[in-house]
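These notes concern the structure reproduced below.
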Amino acid sequence: MPEKPRQEFEVGDLFVTDTALTLKLLPSRKSATVPIRWFAKDGVTNVRRAAKDIQHLVGKLQGAKLTVRGLTVVTDRGHGTDLVRTRLVDAVCKAGFEVLP
């Protein structure tokens, strides 16, 4: 009986700007960007749409052997941004991923 391929786990850096969502997976160094329209001055305007875009972007990069568990979330507004208040944490959790510090 053939052996099943071993699952490899990766983490990703999710970078959010007003117009784009970029994901870079580590250690494979795969990356991709998609345009978005749900991130405004105050934060995420549509959590459901944001979660779908995050899921789509991760699914686009992860293959059959790769599984993404957690995402480090950063915005173009700097490290001082409150991710809970901008509802990015809600969007990442709704997409099914863990937010890493």
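Chain labels follow the order of the structure tokens: the first chain is A, the next B, and so on; residue numbering restarts at 1 in every chain, and ligands are counted from 1 in their shown order.
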Considering only C-alpha atoms, return as an NGL selection string whatever protein or nucleic-acid residues lie within 10 Å of Ser31 in chain A, sequence-local ones (same chain, fewer than 5 positions apart) excluded. :A and (12-14 or 22-26 or 57-58 or 60-61)
Do you know which residues are at most 12 Å from Arg85 in chain A counting only C-alpha atoms, after dropping those on the same chain fewer than 2 positions away, and could you put them as a ChimeraX atom specification? /A:41-45,80-83,87-91
From the set A:Ala40, A:Lys65, A:Asp53, A:Thr33, which residue has the shortest atom-to-atom contact distance to Glu10 in chain A, counting only C-alpha atoms?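 The shortest atom-to-atom distance to Glu10 in chain A comes from A:Lys65.
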Best match for closeness to Ile54 in chain A among A:Ala95, A:Thr72, A:Arg77, A:Pro27, counting only C-alpha atoms: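 Smallest separation from Ile54 in chain A among the options: A:Ala95.
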Skipping near chain neighbours, those fewer than 3 positions away, what residues fall within 12 Å of Lys52 in chain A using only C-alpha atoms, listed as a ChimeraX atom specification? /A:21,34,36,38,46-49,55-59,91-97
Convert the current residue selection to file output with C-alpha atoms, as a short mmCIF file (atom, residue, chain, number, x, y, z; two decimals), in the first residue's frame.
```cif
data_model
loop_
_atom_site.label_atom_id
_atom_site.label_comp_id
_atom_site.auth_asym_id
_atom_site.auth_seq_id
_atom_site.Cartn_x
_atom_site.Cartn_y
_atom_site.Cartn_z
CA LEU A 21 -4.10 41.99 0.19
CA VAL A 34 -5.25 40.30 -4.79
CA ILE A 36 -9.60 44.43 -2.37
CA TRP A 38 -13.30 46.15 1.87
CA ASN A 46 -17.32 43.69 5.27
CA VAL A 47 -15.92 40.87 7.44
CA ARG A 48 -17.55 38.13 5.38
CA ARG A 49 -16.04 39.39 2.10
CA GLN A 55 -9.47 32.01 2.11
CA HIS A 56 -9.15 32.44 -1.65
CA LEU A 57 -5.63 33.83 -1.39
CA VAL A 58 -4.44 31.07 0.95
CA GLY A 59 -6.08 28.40 -1.21
CA ALA A 91 -11.88 38.31 9.34
CA VAL A 92 -8.84 36.03 9.73
CA CYS A 93 -10.61 33.89 12.36
CA LYS A 94 -13.75 33.67 10.22
CA ALA A 95 -11.53 32.51 7.33
CA GLY A 96 -10.41 29.63 9.57
CA PHE A 97 -6.89 30.68 10.51
#
```
Determine which residues of chain A receive a DSSP assignment of strand (DSSP E or B), computed from the backbone, and state them as a count of residues only. 38
As number ranges by chain, please: the residues near Asp18 in chain A (cut-off 7 Å, only C-alpha atoms, same-chain neighbours under 2 positions excluded). A: 16, 20, 39-40
When you draw a straight line from CA of Leu66 in chain A to CA of Leu100 in chain A, how long is it in Å?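 Answer for the CA of Leu66 in chain A to CA of Leu100 in chain A separation: 18.0 Å.
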